[in-house]
$ cat start.pdb   # PDB, C-alpha atoms
ATOM      1  CA  MET A   1     -28.128   1.564  14.766  1.00  0.00           C
ATOM      2  CA  ALA A   2     -26.546   5.041  14.980  1.00  0.00           C
ATOM      3  CA  LEU A   3     -24.170   6.037  12.170  1.00  0.00           C
ATOM      4  CA  ARG A   4     -21.202   6.043  14.562  1.00  0.00           C
ATOM      5  CA  GLU A   5     -21.722   2.388  15.474  1.00  0.00           C
ATOM      6  CA  GLU A   6     -22.616   1.494  11.882  1.00  0.00           C
ATOM      7  CA  PHE A   7     -19.453   3.069  10.475  1.00  0.00           C
ATOM      8  CA  GLU A   8     -17.382   1.330  13.140  1.00  0.00           C
ATOM      9  CA  GLN A   9     -18.975  -2.032  12.375  1.00  0.00           C
ATOM     10  CA  GLN A  10     -18.427  -1.561   8.641  1.00  0.00           C
ATOM     11  CA  GLY A  11     -14.832  -0.498   9.253  1.00  0.00           C
ATOM     12  CA  ASP A  12     -14.172  -3.571  11.375  1.00  0.00           C
ATOM     13  CA  TRP A  13     -15.494  -5.859   8.620  1.00  0.00           C
ATOM     14  CA  LEU A  14     -13.531  -4.056   5.900  1.00  0.00           C
ATOM     15  CA  PHE A  15     -10.383  -4.153   8.045  1.00  0.00           C
ATOM     16  CA  ARG A  16     -10.587  -7.929   8.310  1.00  0.00           C
ATOM     17  CA  TRP A  17     -11.084  -8.422   4.563  1.00  0.00           C
ATOM     18  CA  ARG A  18      -9.151  -5.458   3.175  1.00  0.00           C
ATOM     19  CA  SER A  19      -6.565  -7.651   1.437  1.00  0.00           C
ATOM     20  CA  TYR A  20      -9.173  -9.479  -0.667  1.00  0.00           C
ATOM     21  CA  LEU A  21     -11.994  -7.044  -1.442  1.00  0.00           C
ATOM     22  CA  PRO A  22      -9.966  -5.125  -4.086  1.00  0.00           C
ATOM     23  CA  LEU A  23     -10.263  -8.266  -6.245  1.00  0.00           C
ATOM     24  CA  LEU A  24     -13.826  -7.108  -6.946  1.00  0.00           C
ATOM     25  CA  LEU A  25     -12.286  -4.413  -9.165  1.00  0.00           C
ATOM     26  CA  LEU A  26     -10.938  -6.997 -11.626  1.00  0.00           C
ATOM     27  CA  PRO A  27     -13.794  -6.574 -14.181  1.00  0.00           C
ATOM     28  CA  LEU A  28     -13.137  -2.811 -14.192  1.00  0.00           C
ATOM     29  CA  PHE A  29      -9.429  -3.534 -14.687  1.00  0.00           C
ATOM     30  CA  VAL A  30     -10.229  -5.619 -17.783  1.00  0.00           C
ATOM     31  CA  VAL A  31     -12.349  -2.851 -19.332  1.00  0.00           C
ATOM     32  CA  ALA A  32      -9.656  -0.239 -18.627  1.00  0.00           C
ATOM     33  CA  ILE A  33      -6.866  -2.456 -19.982  1.00  0.00           C
ATOM     34  CA  ARG A  34      -8.735  -2.940 -23.257  1.00  0.00           C
ATOM     35  CA  GLU A  35      -9.125   0.829 -23.633  1.00  0.00           C
ATOM     36  CA  SER A  36      -5.459   1.298 -22.736  1.00  0.00           C
ATOM     37  CA  ILE A  37      -4.438  -1.081 -25.507  1.00  0.00           C
ATOM     38  CA  LEU A  38      -6.423   0.931 -28.049  1.00  0.00           C
ATOM     39  CA  LEU A  39      -4.603   4.095 -26.939  1.00  0.00           C
ATOM     40  CA  GLU A  40      -1.195   2.421 -27.207  1.00  0.00           C
ATOM     41  CA  VAL A  41      -1.988   1.214 -30.728  1.00  0.00           C
ATOM     42  CA  GLN A  42      -3.275   4.654 -31.699  1.00  0.00           C
ATOM     43  CA  TYR A  43      -0.252   6.639 -30.489  1.00  0.00           C
ATOM     44  CA  ASN A  44       2.403   3.897 -30.873  1.00  0.00           C
ATOM     45  CA  ASN A  45       5.112   5.747 -28.908  1.00  0.00           C
ATOM     46  CA  LYS A  46       7.155   2.985 -27.286  1.00  0.00           C
ATOM     47  CA  LEU A  47       9.644   5.340 -25.599  1.00  0.00           C
ATOM     48  CA  PHE A  48       6.917   7.386 -23.936  1.00  0.00           C
ATOM     49  CA  ILE A  49       5.074   4.240 -22.838  1.00  0.00           C
ATOM     50  CA  SER A  50       8.257   2.804 -21.305  1.00  0.00           C
ATOM     51  CA  ILE A  51       9.058   6.026 -19.426  1.00  0.00           C
ATOM     52  CA  TYR A  52       5.454   6.315 -18.230  1.00  0.00           C
ATOM     53  CA  GLU A  53       5.413   2.710 -16.990  1.00  0.00           C
ATOM     54  CA  ILE A  54       8.708   3.145 -15.145  1.00  0.00           C
ATOM     55  CA  GLY A  55       7.256   6.269 -13.521  1.00  0.00           C
ATOM     56  CA  ALA A  56       4.159   4.348 -12.380  1.00  0.00           C
ATOM     57  CA  ILE A  57       6.347   1.618 -10.889  1.00  0.00           C
ATOM     58  CA  ALA A  58       8.467   4.266  -9.117  1.00  0.00           C
ATOM     59  CA  ILE A  59       5.309   5.768  -7.575  1.00  0.00           C
ATOM     60  CA  SER A  60       4.329   2.395  -6.116  1.00  0.00           C
ATOM     61  CA  PHE A  61       7.785   1.846  -4.668  1.00  0.00           C
ATOM     62  CA  PHE A  62       7.620   5.315  -3.135  1.00  0.00           C
ATOM     63  CA  GLY A  63       4.452   4.160  -1.374  1.00  0.00           C
ATOM     64  CA  LEU A  64       6.374   1.125  -0.114  1.00  0.00           C
ATOM     65  CA  PHE A  65       9.122   3.485   1.096  1.00  0.00           C
ATOM     66  CA  ILE A  66       6.530   5.386   3.160  1.00  0.00           C
ATOM     67  CA  ARG A  67       5.408   2.092   4.680  1.00  0.00           C
ATOM     68  CA  ALA A  68       9.021   1.141   5.386  1.00  0.00           C
ATOM     69  CA  ILE A  69       9.732   4.426   7.179  1.00  0.00           C
ATOM     70  CA  THR A  70       6.540   4.001   9.204  1.00  0.00           C
ATOM     71  CA  VAL A  71       7.206   0.394  10.200  1.00  0.00           C
ATOM     72  CA  GLY A  72      10.929   0.890  10.788  1.00  0.00           C
ATOM     73  CA  PHE A  73      10.432   3.672  13.329  1.00  0.00           C
ATOM     74  CA  ALA A  74       7.198   2.400  14.906  1.00  0.00           C
ATOM     75  CA  SER A  75       7.017   1.150  18.469  1.00  0.00           C
ATOM     76  CA  SER A  76       6.754  -2.602  18.969  1.00  0.00           C
ATOM     77  CA  GLY A  77       3.198  -3.894  18.831  1.00  0.00           C
ATOM     78  CA  THR A  78       2.016  -1.178  16.424  1.00  0.00           C
ATOM     79  CA  SER A  79       1.895  -0.466  12.668  1.00  0.00           C
ATOM     80  CA  GLY A  80       1.898  -4.074  11.578  1.00  0.00           C
ATOM     81  CA  ARG A  81       0.144  -6.208   8.982  1.00  0.00           C
ATOM     82  CA  ASN A  82      -2.409  -7.642  11.397  1.00  0.00           C
ATOM     83  CA  THR A  83      -5.643  -8.539   9.616  1.00  0.00           C
ATOM     84  CA  LYS A  84      -7.758 -10.139  12.348  1.00  0.00           C
ATOM     85  CA  ALA A  85      -8.163  -7.227  14.760  1.00  0.00           C
ATOM     86  CA  GLN A  86      -6.931  -3.776  15.692  1.00  0.00           C
ATOM     87  CA  LYS A  87      -3.715  -3.746  17.686  1.00  0.00           C
ATOM     88  CA  ALA A  88      -1.749  -0.984  19.410  1.00  0.00           C
ATOM     89  CA  ASP A  89       0.394  -1.435  22.497  1.00  0.00           C
ATOM     90  CA  SER A  90       1.331   2.262  22.424  1.00  0.00           C
ATOM     91  CA  LEU A  91       0.500   5.428  20.485  1.00  0.00           C
ATOM     92  CA  ASN A  92       2.979   6.578  17.841  1.00  0.00           C
ATOM     93  CA  THR A  93       3.123  10.393  17.706  1.00  0.00           C
ATOM     94  CA  THR A  94       6.634  11.206  16.461  1.00  0.00           C
ATOM     95  CA  GLY A  95       8.453  10.760  13.162  1.00  0.00           C
ATOM     96  CA  ILE A  96       6.042  10.371  10.269  1.00  0.00           C
ATOM     97  CA  TYR A  97       3.192  10.068  12.783  1.00  0.00           C
ATOM     98  CA  ALA A  98       3.781  13.699  13.714  1.00  0.00           C
ATOM     99  CA  THR A  99       2.739  14.683  10.173  1.00  0.00           C
ATOM    100  CA  VAL A 100      -0.121  12.274   9.422  1.00  0.00           C
ATOM    101  CA  ARG A 101      -2.321   9.929  11.467  1.00  0.00           C
ATOM    102  CA  HIS A 102      -2.520   7.099   8.936  1.00  0.00           C
ATOM    103  CA  PRO A 103       0.863   6.823   7.153  1.00  0.00           C
ATOM    104  CA  LEU A 104       0.445   3.120   6.371  1.00  0.00           C
ATOM    105  CA  TYR A 105      -2.829   3.769   4.543  1.00  0.00           C
ATOM    106  CA  LEU A 106      -1.204   6.710   2.772  1.00  0.00           C
ATOM    107  CA  GLY A 107       1.566   4.369   1.649  1.00  0.00           C
ATOM    108  CA  ASN A 108      -1.005   1.810   0.535  1.00  0.00           C
ATOM    109  CA  PHE A 109      -2.804   4.430  -1.536  1.00  0.00           C
ATOM    110  CA  ILE A 110       0.396   5.536  -3.291  1.00  0.00           C
ATOM    111  CA  ILE A 111       1.213   1.891  -4.062  1.00  0.00           C
ATOM    112  CA  PHE A 112      -2.310   1.454  -5.429  1.00  0.00           C
ATOM    113  CA  LEU A 113      -2.064   4.736  -7.351  1.00  0.00           C
ATOM    114  CA  GLY A 114       1.043   3.566  -9.200  1.00  0.00           C
ATOM    115  CA  ILE A 115      -0.704   0.349 -10.201  1.00  0.00           C
ATOM    116  CA  ILE A 116      -3.845   2.042 -11.530  1.00  0.00           C
ATOM    117  CA  LEU A 117      -1.778   4.748 -13.295  1.00  0.00           C
ATOM    118  CA  PHE A 118       0.025   1.945 -15.126  1.00  0.00           C
ATOM    119  CA  ILE A 119      -3.240   1.285 -17.017  1.00  0.00           C
ATOM    120  CA  LYS A 120      -3.055   4.828 -18.520  1.00  0.00           C
ATOM    121  CA  ILE A 121      -6.824   5.517 -18.380  1.00  0.00           C
ATOM    122  CA  TRP A 122      -7.843   8.698 -16.527  1.00  0.00           C
ATOM    123  CA  TRP A 123     -11.403   7.671 -15.645  1.00  0.00           C
ATOM    124  CA  PHE A 124     -10.123   4.398 -14.227  1.00  0.00           C
ATOM    125  CA  VAL A 125      -7.696   6.266 -11.949  1.00  0.00           C
ATOM    126  CA  LEU A 126     -10.492   8.596 -10.804  1.00  0.00           C
ATOM    127  CA  ILE A 127     -13.020   5.836 -10.076  1.00  0.00           C
ATOM    128  CA  CYS A 128     -10.502   3.623  -8.254  1.00  0.00           C
ATOM    129  CA  SER A 129      -9.248   6.559  -6.164  1.00  0.00           C
ATOM    130  CA  LEU A 130     -12.800   7.397  -5.076  1.00  0.00           C
ATOM    131  CA  ILE A 131     -13.503   3.752  -4.240  1.00  0.00           C
ATOM    132  CA  TYR A 132     -10.271   3.595  -2.247  1.00  0.00           C
ATOM    133  CA  TRP A 133     -11.257   6.645  -0.219  1.00  0.00           C
ATOM    134  CA  ILE A 134     -14.745   5.339   0.596  1.00  0.00           C
ATOM    135  CA  TYR A 135     -13.274   1.921   1.397  1.00  0.00           C
ATOM    136  CA  TYR A 136     -10.473   3.090   3.676  1.00  0.00           C
ATOM    137  CA  GLU A 137     -12.461   5.908   5.285  1.00  0.00           C
ATOM    138  CA  ARG A 138     -14.468   3.279   7.179  1.00  0.00           C
ATOM    139  CA  ILE A 139     -11.309   1.389   8.148  1.00  0.00           C
ATOM    140  CA  MET A 140      -9.624   4.560   9.410  1.00  0.00           C
ATOM    141  CA  TYR A 141     -12.756   5.468  11.364  1.00  0.00           C
ATOM    142  CA  ARG A 142     -12.763   2.044  13.040  1.00  0.00           C
ATOM    143  CA  GLU A 143      -9.082   2.351  13.912  1.00  0.00           C
ATOM    144  CA  GLU A 144      -9.518   5.838  15.339  1.00  0.00           C
ATOM    145  CA  GLU A 145     -12.415   4.746  17.529  1.00  0.00           C
ATOM    146  CA  PHE A 146     -10.250   1.919  18.864  1.00  0.00           C
ATOM    147  CA  LEU A 147      -7.349   4.291  19.603  1.00  0.00           C
ATOM    148  CA  ARG A 148      -9.648   6.928  21.128  1.00  0.00           C
ATOM    149  CA  ARG A 149     -11.053   4.407  23.596  1.00  0.00           C
ATOM    150  CA  LYS A 150      -7.637   3.003  24.482  1.00  0.00           C
ATOM    151  CA  PHE A 151      -5.553   6.187  24.757  1.00  0.00           C
ATOM    152  CA  LYS A 152      -8.322   8.702  25.528  1.00  0.00           C
ATOM    153  CA  ASP A 153      -7.076  12.324  25.890  1.00  0.00           C
ATOM    154  CA  LEU A 154      -3.596  11.477  24.605  1.00  0.00           C
ATOM    155  CA  TYR A 155      -5.113  10.374  21.306  1.00  0.00           C
ATOM    156  CA  VAL A 156      -7.560  13.283  21.118  1.00  0.00           C
ATOM    157  CA  GLN A 157      -4.836  15.901  21.610  1.00  0.00           C
ATOM    158  CA  TRP A 158      -2.605  14.275  18.992  1.00  0.00           C
ATOM    159  CA  SER A 159      -5.445  13.883  16.466  1.00  0.00           C
ATOM    160  CA  ILE A 160      -6.503  17.533  16.807  1.00  0.00           C
ATOM    161  CA  LYS A 161      -3.183  18.788  15.430  1.00  0.00           C
ATOM    162  CA  THR A 162      -2.319  15.886  13.074  1.00  0.00           C
ATOM    163  CA  PRO A 163      -4.033  15.471   9.655  1.00  0.00           C
ATOM    164  CA  ALA A 164      -5.680  12.131   8.915  1.00  0.00           C
ATOM    165  CA  PHE A 165      -4.352  11.444   5.422  1.00  0.00           C
ATOM    166  CA  ILE A 166      -2.557  14.388   3.785  1.00  0.00           C
ATOM    167  CA  PRO A 167       0.761  14.950   5.608  1.00  0.00           C
ATOM    168  CA  ARG A 168       1.607  18.298   7.178  1.00  0.00           C
ATOM    169  CA  LEU A 169       5.372  18.109   6.702  1.00  0.00           C
ATOM    170  CA  SER A 170       6.018  21.251   8.735  1.00  0.00           C
ATOM    171  CA  GLN A 171       5.093  19.246  11.840  1.00  0.00           C
ATOM    172  CA  TRP A 172       7.824  16.645  11.376  1.00  0.00           C
ATOM    173  CA  GLN A 173       9.497  15.580  14.615  1.00  0.00           C
ATOM    174  CA  LYS A 174      12.425  13.262  15.007  1.00  0.00           C
ATOM    175  CA  SER A 175      11.191   9.815  15.949  1.00  0.00           C
ATOM    176  CA  ASP A 176      11.671   8.709  19.533  1.00  0.00           C
ATOM    177  CA  GLN A 177      12.358   5.192  18.232  1.00  0.00           C
ATOM    178  CA  THR A 178      15.478   3.770  16.569  1.00  0.00           C
ATOM    179  CA  PHE A 179      14.985   2.664  12.970  1.00  0.00           C
ATOM    180  CA  SER A 180      14.872  -1.134  12.591  1.00  0.00           C
ATOM    181  CA  MET A 181      15.623  -2.515   9.142  1.00  0.00           C
ATOM    182  CA  LYS A 182      14.867  -5.981  10.472  1.00  0.00           C
ATOM    183  CA  LYS A 183      11.281  -4.943  11.229  1.00  0.00           C
ATOM    184  CA  VAL A 184      10.959  -3.557   7.719  1.00  0.00           C
ATOM    185  CA  LEU A 185      12.320  -6.687   6.052  1.00  0.00           C
ATOM    186  CA  GLN A 186      10.163  -8.905   8.242  1.00  0.00           C
ATOM    187  CA  SER A 187       6.987  -6.956   7.498  1.00  0.00           C
ATOM    188  CA  GLU A 188       7.339  -5.439   4.031  1.00  0.00           C
ATOM    189  CA  TYR A 189       8.916  -8.201   1.928  1.00  0.00           C
ATOM    190  CA  ILE A 190       5.417  -9.377   1.057  1.00  0.00           C
ATOM    191  CA  GLY A 191       4.433  -5.924  -0.204  1.00  0.00           C
ATOM    192  CA  PHE A 192       7.670  -5.707  -2.215  1.00  0.00           C
ATOM    193  CA  ALA A 193       6.900  -8.997  -3.962  1.00  0.00           C
ATOM    194  CA  GLU A 194       3.234  -8.080  -4.472  1.00  0.00           C
ATOM    195  CA  ILE A 195       4.155  -4.837  -6.236  1.00  0.00           C
ATOM    196  CA  ILE A 196       6.486  -6.620  -8.628  1.00  0.00           C
ATOM    197  CA  ALA A 197       3.970  -9.413  -9.243  1.00  0.00           C
ATOM    198  CA  CYS A 198       1.115  -6.943  -9.918  1.00  0.00           C
ATOM    199  CA  PHE A 199       3.055  -4.899 -12.461  1.00  0.00           C
ATOM    200  CA  THR A 200       4.401  -8.021 -14.173  1.00  0.00           C
ATOM    201  CA  LEU A 201       0.925  -9.551 -14.404  1.00  0.00           C
ATOM    202  CA  LEU A 202      -0.498  -6.306 -15.782  1.00  0.00           C
ATOM    203  CA  LYS A 203       2.220  -6.055 -18.441  1.00  0.00           C
ATOM    204  CA  ILE A 204       1.789  -9.681 -19.515  1.00  0.00           C
ATOM    205  CA  SER A 205      -2.008  -9.267 -19.627  1.00  0.00           C
ATOM    206  CA  ILE A 206      -1.705  -6.124 -21.764  1.00  0.00           C
ATOM    207  CA  ASN A 207       0.688  -7.875 -24.165  1.00  0.00           C
ATOM    208  CA  VAL A 208      -1.557 -10.942 -24.466  1.00  0.00           C
ATOM    209  CA  LEU A 209      -4.662  -8.857 -25.162  1.00  0.00           C
ATOM    210  CA  LYS A 210      -2.747  -6.684 -27.625  1.00  0.00           C
ATOM    211  CA  THR A 211      -0.973  -9.385 -29.637  1.00  0.00           C
ATOM    212  CA  GLY A 212      -2.802 -12.589 -28.782  1.00  0.00           C
ATOM    213  CA  GLU A 213       0.542 -14.098 -27.759  1.00  0.00           C
ATOM    214  CA  PHE A 214       2.275 -14.665 -24.432  1.00  0.00           C
ATOM    215  CA  GLN A 215       5.260 -12.323 -24.258  1.00  0.00           C
ATOM    216  CA  PHE A 216       7.712 -12.064 -21.369  1.00  0.00           C
ATOM    217  CA  PRO A 217      10.470  -9.571 -22.348  1.00  0.00           C
ATOM    218  CA  LEU A 218      13.889 -10.038 -20.754  1.00  0.00           C
ATOM    219  CA  GLY A 219      13.666  -6.836 -18.697  1.00  0.00           C
ATOM    220  CA  TRP A 220      10.361  -7.894 -17.161  1.00  0.00           C
ATOM    221  CA  ALA A 221      11.673 -11.426 -16.577  1.00  0.00           C
ATOM    222  CA  ILE A 222      14.621  -9.999 -14.612  1.00  0.00           C
ATOM    223  CA  PHE A 223      12.280  -7.653 -12.720  1.00  0.00           C
ATOM    224  CA  PHE A 224       9.971 -10.520 -11.737  1.00  0.00           C
ATOM    225  CA  SER A 225      12.795 -12.931 -10.927  1.00  0.00           C
ATOM    226  CA  THR A 226      14.393 -10.359  -8.623  1.00  0.00           C
ATOM    227  CA  GLY A 227      11.168  -9.995  -6.671  1.00  0.00           C
ATOM    228  CA  LEU A 228      10.703 -13.758  -6.471  1.00  0.00           C
ATOM    229  CA  VAL A 229      14.251 -14.384  -5.211  1.00  0.00           C
ATOM    230  CA  VAL A 230      13.971 -11.636  -2.582  1.00  0.00           C
ATOM    231  CA  PHE A 231      10.598 -12.970  -1.448  1.00  0.00           C
ATOM    232  CA  ILE A 232      11.811 -16.567  -1.108  1.00  0.00           C
ATOM    233  CA  LEU A 233      15.021 -15.556   0.679  1.00  0.00           C
ATOM    234  CA  LEU A 234      13.289 -13.307   3.218  1.00  0.00           C
ATOM    235  CA  ARG A 235      10.474 -15.821   3.687  1.00  0.00           C
ATOM    236  CA  ILE A 236      12.993 -18.514   4.610  1.00  0.00           C
ATOM    237  CA  LEU A 237      14.891 -16.176   6.928  1.00  0.00           C
ATOM    238  CA  LYS A 238      11.664 -15.204   8.691  1.00  0.00           C
ATOM    239  CA  LYS A 239      10.186 -18.696   9.026  1.00  0.00           C
ATOM    240  CA  ARG A 240      13.327 -20.794   9.574  1.00  0.00           C
ATOM    241  CA  THR A 241      15.714 -18.477  11.433  1.00  0.00           C
ATOM    242  CA  ASN A 242      15.736 -15.634  13.947  1.00  0.00           C
ATOM    243  CA  ILE A 243      17.994 -13.416  11.831  1.00  0.00           C
ATOM    244  CA  LEU A 244      15.187 -10.930  11.179  1.00  0.00           C
ATOM    245  CA  GLU A 245      14.064 -10.761  14.776  1.00  0.00           C
ATOM    246  CA  PRO A 246      14.448  -7.133  15.993  1.00  0.00           C
ATOM    247  CA  ASN A 247      17.054  -6.559  18.662  1.00  0.00           C
ATOM    248  CA  LYS A 248      15.618  -6.343  22.152  1.00  0.00           C
TER     249      LYS A 248
END
$ encode --input "start.pdb" --output "structure tokens"
Amino acid sequence: MALREEFEQQGDWLFRWRSYLPLLLLPLFVVAIRESILLEVQYNNKLFISIYEIGAIAISFFGLFIRAITVGFASSGTSGRNTKAQKADSLNTTGIYATVRHPLYLGNFIIFLGIILFIKIWWFVLICSLIYWIYYERIMYREEEFLRRKFKDLYVQWSIKTPAFIPRLSQWQKSDQTFSMKKVLQSEYIGFAEIIACFTLLKISINVLKTGEFQFPLGWAIFFSTGLVVFILLRILKKRTNILEPNK
């Protein structure tokens, strides 16, 4: 099998299972968390640790913001959370898509970056970033092959001038679509809850390994409860009502 077909086949498989394969990194997480605890005990600067952790959380939410901007301005039938197969009813080329070809994957990486930075171990950040690139490179290749076949010259001309992953902000163009907050709420409430759950779980795990006791500080309890309430509310609105259905 030629590399082109092999990469496409690998990308298709990774695309289908991309939500679950990162769980394979859990053993590496445990090793990094243990080293992080030793550093916290050694330096014992609670203010710095708190500021650093807030910064890591802010980075992840910035990644979610990028996803929100992408989804909110995207044409219907594109830029979704589909996991079974590639889907694109039209080609997005304006707004954030004028600056980068894969803004959703860029947003995903920034979300992931905030989470791995939270551990505070440089080698862990480096290894996970390299794994992310290798992992998503195949997925992006598969997606681009799909778009190339479907949109032909239109896709080729757009891809020639638009970077794959690092935005070229000078190319920004006003989107030809109207922003839809309903689309964002319908699509990204899961990511919002996942970010909050990940950081809360990491903090609890670090505290348990550090002290041997389950600790759930008030601030983190409020943080987690907020995410849970938002998730449940938006889940009900999506599944039981048509309030979040985008306007035709």
$ resolve_selection --input "start.pdb" --expression "the PyMOL selection byres ((chain A and resi 237-244) around 12)" --output "short mmCIF file (atom, residue, chain, number, x, y, z; two decimals) with C-alpha atoms, in the frame of the given file"
data_model
loop_
_atom_site.label_atom_id
_atom_site.label_comp_id
_atom_site.auth_asym_id
_atom_site.auth_seq_id
_atom_site.Cartn_x
_atom_site.Cartn_y
_atom_site.Cartn_z
CA SER A 180 14.87 -1.13 12.59
CA MET A 181 15.62 -2.52 9.14
CA LYS A 182 14.87 -5.98 10.47
CA LYS A 183 11.28 -4.94 11.23
CA VAL A 184 10.96 -3.56 7.72
CA LEU A 185 12.32 -6.69 6.05
CA GLN A 186 10.16 -8.90 8.24
CA SER A 187 6.99 -6.96 7.50
CA GLU A 188 7.34 -5.44 4.03
CA TYR A 189 8.92 -8.20 1.93
CA ILE A 190 5.42 -9.38 1.06
CA VAL A 230 13.97 -11.64 -2.58
CA PHE A 231 10.60 -12.97 -1.45
CA ILE A 232 11.81 -16.57 -1.11
CA LEU A 233 15.02 -15.56 0.68
CA LEU A 234 13.29 -13.31 3.22
CA ARG A 235 10.47 -15.82 3.69
CA ILE A 236 12.99 -18.51 4.61
CA GLU A 245 14.06 -10.76 14.78
CA PRO A 246 14.45 -7.13 15.99
CA ASN A 247 17.05 -6.56 18.66
CA LYS A 248 15.62 -6.34 22.15
#
$ closest_residue --input "start.pdb" --among "A:Pro167, A:Gly219, A:Pro27, A:Gly212" --to "Thr99 of chain A" --atoms "only C-alpha atoms"
A:Pro167
$ closest_residue --input "start.pdb" --among "A:Ser225, A:Thr93, A:Gln215, A:Gln173" --to "Ala74 of chain A" --atoms "only C-alpha atoms"
A:Thr93
$ atom_distance --input "start.pdb" --atom1 "atom CA of Arg101 of chain A" --atom2 "atom CA of Ala68 of chain A"
15.6 Å
$ closest_residue --input "start.pdb" --among "A:Trp133, A:Trp158, A:Phe61, A:Phe223" --to "Gln171 of chain A" --atoms "only C-alpha atoms"
A:Trp158
$ closest_residue --input "start.pdb" --among "A:Val125, A:Gly114, A:Ala197, A:Leu25" --to "Ile57 of chain A" --atoms "all atoms listed in the file"
A:Gly114
$ residues_around --input "start.pdb" --residues "Leu91 of chain A" --least-positions-apart "6" --cutoff "9 Å" --atoms "only C-alpha atoms" --output "MDAnalysis selection string"
chainID A and resid 75 78 147 151 154:155
$ write_last_selection --input "start.pdb" --atoms "C-alpha atoms" --output "PDB file, in the coordinates of the input"
ATOM      1  CA  SER A  75       7.017   1.150  18.469  1.00  0.00           C
ATOM      2  CA  THR A  78       2.016  -1.178  16.424  1.00  0.00           C
ATOM      3  CA  LEU A 147      -7.349   4.291  19.603  1.00  0.00           C
ATOM      4  CA  PHE A 151      -5.553   6.187  24.757  1.00  0.00           C
ATOM      5  CA  LEU A 154      -3.596  11.477  24.605  1.00  0.00           C
ATOM      6  CA  TYR A 155      -5.113  10.374  21.306  1.00  0.00           C
TER       7      TYR A 155
END
